[in-house]
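*Asks:* Okay, handing you the structure first.
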Amino acid sequence: MGEFEKIINYTFKNKSLLKEALTHSSYANEHKKQQLKYNERLEFLGDAVLSISVSDYIFKNCPQLPEGDLTKLRASLVCEKSLFLFAQKIDLGRFILLSNGERRGGGAERPSIISDAFEAVIAAIYLDGGMEEARKFVLSFVVPEIKNHSTEKAFKDYKTKLQEIIQRNPGEKLNYILVDESGPDHNKHFVVEVHLNSNIIGKGGGKSKKEAEQQAAREALELMGY
């Protein structure tokens with residue numbers, strides 16, 4: 001853990017918080033006798049700390065952006081893809097405690113596991129050192145990304161785009177319906193259909209319901225020629 005602290009440039013007063021943040025549920029289950037805490041609760045808190053840190057920064061530093069664009073920019077910075085890229089910069093996958101089976105199955109390179117652990121690390125820093133330390137950690141990744149931000153690299157909010165198109169025709173209604181959910185708790189896969197009135201116009205899958213909905217909307221837009 002000392003090596004990881006050097007990489008992130010933060011030394012924990014309470015080392016158990018860092019260990020919890022780096023402990024995956026599969027490892028805790030494999031070592032039940034030790035009654036280890038794993039990082040899912042920290043992930044929940046880290047998501048909130050991440051969101052407020054990013055929201056506060058872009059609100060104060062991007063005064064030219066309207067609310068809709070701020071929402072899209074924040075979404076691009078807190079999505080699984082971005083968190084995975086941030087986590088790779090600190091080689092986070094190497095430090096996550098995984099079960100033997102999960103590690104053999106490529107868990108140390110799986111975006112969902114690594115991005116969740118990244119959020120857990122944010123929460124651990126917040127609990128150990130306060131909001132300012134957590135904000136500093138988050139912004140060390142986010143600020144360079146914002147400065148490099150371009151239209152081409154911007155997150156594509158397919159759901160919002162699809163909604164805007166459908167709203168041009170009053171009376172039309174979109175619904176996102178979860179049609180399948182599979183896999184263990186730590187590695188779920190969701191399949192969602194997007195319906196226009198009673199017609200299926202797109203279908204998509206992902207590691208979360210939100211990701212599956214975005215992919216379903218993306219397919220709908222492609223089929224509509226957008």
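Residue numbering restarts at 1 for every chain of the structure tokens, chains are lettered A, B, ... in their displayed order, and ligands are numbered from 1 as they appear.
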Can you build me a table of segment 55-96 of chain A residues sitting at most 12 Å from segment 37-46 of chain A, with the closest atom pair per residue and its distance in Å to one decimal, using only C-alpha atoms, sorted by chain and residue number, as JSON lines?
*Replies:*
```
{"residue": "A:Val78", "atom": "CA", "partner": "A:Gly46", "partner_atom": "CA", "distance": 10.9}
{"residue": "A:Leu83", "atom": "CA", "partner": "A:Gly46", "partner_atom": "CA", "distance": 11.7}
{"residue": "A:Ile96", "atom": "CA", "partner": "A:Asn39", "partner_atom": "CA", "distance": 10.1}
```
*Asks:* Using only C-alpha atoms, please write the residues we just selected to a file, as an mmCIF file, in the first residue's frame.
*Replies:*
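And here is the file that came out, out_13.cif:
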```cif
data_model
loop_
_atom_site.group_PDB
_atom_site.id
_atom_site.type_symbol
_atom_site.label_atom_id
_atom_site.label_comp_id
_atom_site.auth_asym_id
_atom_site.auth_seq_id
_atom_site.Cartn_x
_atom_site.Cartn_y
_atom_site.Cartn_z
ATOM 1 C CA VAL A 78 -17.670 10.787 -14.301
ATOM 2 C CA LEU A 83 -12.810 6.703 -14.550
ATOM 3 C CA ILE A 96 -6.870 -4.193 -6.196
#
```
*Asks:* Could I get the residues of segment 114-157 of chain A with an atom no further than 12 Å from an atom of segment 178-199 of chain A, each paired with its nearest atom pair and that distance in Å to one decimal, using only C-alpha atoms, sorted by chain and residue number, as CSV?
*Replies:*
```
residue,atom,partner,partner_atom,distance
A:Ile114,CA,A:His186,CA,11.5
A:Asp116,CA,A:His186,CA,10.1
A:Ala117,CA,A:His186,CA,11.7
```
*Asks:* Write out as CSV the residues of segment 43-101 of chain A that have any atom within 10 Å of an atom of segment 3-19 of chain A, one row each with the nearest atom pair and its distance in Å to one decimal, counting only C-alpha atoms, sorted by chain and then rising number.
*Replies:*
```
residue,atom,partner,partner_atom,distance
A:Lys89,CA,A:Ile7,CA,9.4
A:Ile90,CA,A:Ile7,CA,6.3
A:Asp91,CA,A:Ile7,CA,8.6
A:Leu92,CA,A:Phe4,CA,8.1
A:Arg94,CA,A:Phe4,CA,9.4
A:Phe95,CA,A:Phe4,CA,7.4
A:Ile96,CA,A:Lys19,CA,8.9
A:Leu97,CA,A:Lys19,CA,8.6
```
*Asks:* Those same residues - all heavy atoms - I'd like them written as a PDB file, in the first residue's frame.
*Replies:*
```
ATOM      1  N   LYS A  89      -3.939   5.601 -15.074  1.00  0.00           N
ATOM      2  CA  LYS A  89      -2.806   6.511 -14.877  1.00  0.00           C
ATOM      3  C   LYS A  89      -2.092   6.253 -13.556  1.00  0.00           C
ATOM      4  O   LYS A  89      -0.922   6.612 -13.404  1.00  0.00           O
ATOM      5  CB  LYS A  89      -3.295   7.971 -14.936  1.00  0.00           C
ATOM      6  CG  LYS A  89      -3.790   8.388 -16.321  1.00  0.00           C
ATOM      7  CD  LYS A  89      -4.275   9.826 -16.329  1.00  0.00           C
ATOM      8  CE  LYS A  89      -4.769  10.221 -17.714  1.00  0.00           C
ATOM      9  NZ  LYS A  89      -5.272  11.611 -17.753  1.00  0.00           N
ATOM     10  N   ILE A  90      -2.800   5.648 -12.597  1.00  0.00           N
ATOM     11  CA  ILE A  90      -2.181   5.329 -11.303  1.00  0.00           C
ATOM     12  C   ILE A  90      -2.011   3.816 -11.134  1.00  0.00           C
ATOM     13  O   ILE A  90      -1.761   3.341 -10.025  1.00  0.00           O
ATOM     14  CB  ILE A  90      -2.986   5.932 -10.134  1.00  0.00           C
ATOM     15  CG1 ILE A  90      -4.452   5.490 -10.175  1.00  0.00           C
ATOM     16  CG2 ILE A  90      -2.881   7.457 -10.133  1.00  0.00           C
ATOM     17  CD1 ILE A  90      -5.269   5.952  -8.975  1.00  0.00           C
ATOM     18  N   ASP A  91      -2.185   3.097 -12.243  1.00  0.00           N
ATOM     19  CA  ASP A  91      -1.972   1.645 -12.244  1.00  0.00           C
ATOM     20  C   ASP A  91      -2.817   0.948 -11.174  1.00  0.00           C
ATOM     21  O   ASP A  91      -2.363   0.015 -10.513  1.00  0.00           O
ATOM     22  CB  ASP A  91      -0.487   1.337 -12.020  1.00  0.00           C
ATOM     23  CG  ASP A  91      -0.094  -0.054 -12.530  1.00  0.00           C
ATOM     24  OD1 ASP A  91      -0.898  -0.667 -13.254  1.00  0.00           O
ATOM     25  OD2 ASP A  91       1.007  -0.511 -12.192  1.00  0.00           O
ATOM     26  N   LEU A  92      -4.057   1.426 -11.013  1.00  0.00           N
ATOM     27  CA  LEU A  92      -4.909   0.962  -9.921  1.00  0.00           C
ATOM     28  C   LEU A  92      -5.178  -0.538  -9.967  1.00  0.00           C
ATOM     29  O   LEU A  92      -5.228  -1.202  -8.925  1.00  0.00           O
ATOM     30  CB  LEU A  92      -6.232   1.744  -9.939  1.00  0.00           C
ATOM     31  CG  LEU A  92      -7.271   1.408  -8.869  1.00  0.00           C
ATOM     32  CD1 LEU A  92      -6.671   1.531  -7.471  1.00  0.00           C
ATOM     33  CD2 LEU A  92      -8.482   2.318  -9.005  1.00  0.00           C
ATOM     34  N   ARG A  94      -3.417  -2.980 -10.557  1.00  0.00           N
ATOM     35  CA  ARG A  94      -2.346  -3.789  -9.961  1.00  0.00           C
ATOM     36  C   ARG A  94      -2.494  -3.921  -8.450  1.00  0.00           C
ATOM     37  O   ARG A  94      -1.993  -4.871  -7.844  1.00  0.00           O
ATOM     38  CB  ARG A  94      -0.987  -3.167 -10.310  1.00  0.00           C
ATOM     39  CG  ARG A  94       0.213  -3.954  -9.815  1.00  0.00           C
ATOM     40  CD  ARG A  94       1.456  -3.576 -10.595  1.00  0.00           C
ATOM     41  NE  ARG A  94       1.827  -2.187 -10.446  1.00  0.00           N
ATOM     42  CZ  ARG A  94       2.684  -1.744  -9.513  1.00  0.00           C
ATOM     43  NH1 ARG A  94       3.226  -2.588  -8.656  1.00  0.00           N
ATOM     44  NH2 ARG A  94       3.004  -0.471  -9.457  1.00  0.00           N
ATOM     45  N   PHE A  95      -3.193  -2.966  -7.845  1.00  0.00           N
ATOM     46  CA  PHE A  95      -3.269  -2.930  -6.375  1.00  0.00           C
ATOM     47  C   PHE A  95      -4.593  -3.464  -5.819  1.00  0.00           C
ATOM     48  O   PHE A  95      -4.718  -3.633  -4.604  1.00  0.00           O
ATOM     49  CB  PHE A  95      -3.061  -1.499  -5.886  1.00  0.00           C
ATOM     50  CG  PHE A  95      -1.701  -0.939  -6.222  1.00  0.00           C
ATOM     51  CD1 PHE A  95      -1.527  -0.168  -7.365  1.00  0.00           C
ATOM     52  CD2 PHE A  95      -0.599  -1.209  -5.428  1.00  0.00           C
ATOM     53  CE1 PHE A  95      -0.278   0.341  -7.690  1.00  0.00           C
ATOM     54  CE2 PHE A  95       0.651  -0.706  -5.744  1.00  0.00           C
ATOM     55  CZ  PHE A  95       0.811   0.056  -6.874  1.00  0.00           C
ATOM     56  N   ILE A  96      -5.577  -3.714  -6.678  1.00  0.00           N
ATOM     57  CA  ILE A  96      -6.870  -4.193  -6.196  1.00  0.00           C
ATOM     58  C   ILE A  96      -6.753  -5.639  -5.722  1.00  0.00           C
ATOM     59  O   ILE A  96      -6.180  -6.493  -6.419  1.00  0.00           O
ATOM     60  CB  ILE A  96      -7.942  -4.081  -7.300  1.00  0.00           C
ATOM     61  CG1 ILE A  96      -8.110  -2.624  -7.734  1.00  0.00           C
ATOM     62  CG2 ILE A  96      -9.293  -4.620  -6.802  1.00  0.00           C
ATOM     63  CD1 ILE A  96      -9.035  -2.445  -8.927  1.00  0.00           C
ATOM     64  N   LEU A  97      -7.301  -5.926  -4.551  1.00  0.00           N
ATOM     65  CA  LEU A  97      -7.304  -7.283  -4.002  1.00  0.00           C
ATOM     66  C   LEU A  97      -8.490  -8.045  -4.584  1.00  0.00           C
ATOM     67  O   LEU A  97      -9.649  -7.702  -4.331  1.00  0.00           O
ATOM     68  CB  LEU A  97      -7.401  -7.240  -2.472  1.00  0.00           C
ATOM     69  CG  LEU A  97      -6.235  -6.550  -1.752  1.00  0.00           C
ATOM     70  CD1 LEU A  97      -6.520  -6.441  -0.263  1.00  0.00           C
ATOM     71  CD2 LEU A  97      -4.936  -7.321  -1.995  1.00  0.00           C
TER      72      LEU A  97
END
```
*Asks:* As JSON, numbers by chain, please: every residue in segment 80-196 of chain A that DSSP puts in strand (DSSP E or B).
*Replies:* {"A": [97, 174, 175, 176, 177, 178, 179, 180, 181, 182, 189, 190, 191, 192, 193, 194, 195, 196]}
*Asks:* Leaving out segment 213-222 of chain A and any residue of its chain fewer than 2 positions from it, which residues lie within 10 Å of it when counting only C-alpha atoms, given as a ChimeraX atom specification?
*Replies:* /A:156-163,165,175-178,190-196,200-206,208-211,224-226
*Asks:* What is the distance, in Å and to one decimal place, between atom CA of Gly68 of chain A and atom CA of Arg135 of chain A?
*Replies:*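 Separation of atom CA of Gly68 of chain A and atom CA of Arg135 of chain A: 23.3 Å.
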*Asks:* Pick out the closest residue to Leu139 of chain A from this set: A:Asn100, A:Ser53, A:Asn61, A:Gln88. Count only C-alpha atoms.
*Replies:*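 Ranked by minimum distance to Leu139 of chain A, first place goes to A:Ser53.
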*Asks:* Choose the residue, out of A:Ile125, A:Ile52, A:Phe118, A:Lys173, that has the smallest atom-to-atom separation from Phe86 of chain A; count only C-alpha atoms.
*Replies:*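 Between A:Ile125, A:Ile52, A:Phe118, A:Lys173, the residue approaching Phe86 of chain A most closely is A:Phe118.
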*Asks:* Go through A:Leu22, A:Ser76, A:Leu65, A:Val49 and flag the residue nearest Leu127 of chain A, using only C-alpha atoms for the distances.
*Replies:*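 For Leu127 of chain A, the nearest of the given residues is A:Val49.
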*Asks:* Would you please give, as a VMD selection string, all residues of segment 120-215 of chain A that DSSP assigns to alpha helix (DSSP H) based on the backbone?
*Replies:* chain A and resid 120 to 129 131 to 147 158 to 166 209 to 215
*Asks:* Atom CA of Gly93 of chain A and atom CA of Pro111 of chain A, how far apart in Å?
*Replies:*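 Between atom CA of Pro111 of chain A and atom CA of Gly93 of chain A the gap works out to 9.3 Å.
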*Asks:* Calculated over only C-alpha atoms, which of the candidates A:Asp47, A:Glu67, A:Glu133, A:Leu77 has the smallest distance to Asn148 of chain A?
*Replies:*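 So, comparing all the options, the nearest one is A:Leu77.
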*Asks:* What does the structure give for the distance between atom CA of Asp128 of chain A and atom CA of Ser140 of chain A, in Å to one decimal?
*Replies:*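 Computing it gives 18.0 Å between the two atoms.
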*Asks:* With only C-alpha atoms as the basis for distance, which of A:Leu223, A:Glu20, A:Ser82, A:Gly130 is at the shortest distance from Gln35 of chain A?
*Replies:*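 Smallest separation from Gln35 of chain A among the options: A:Glu20.
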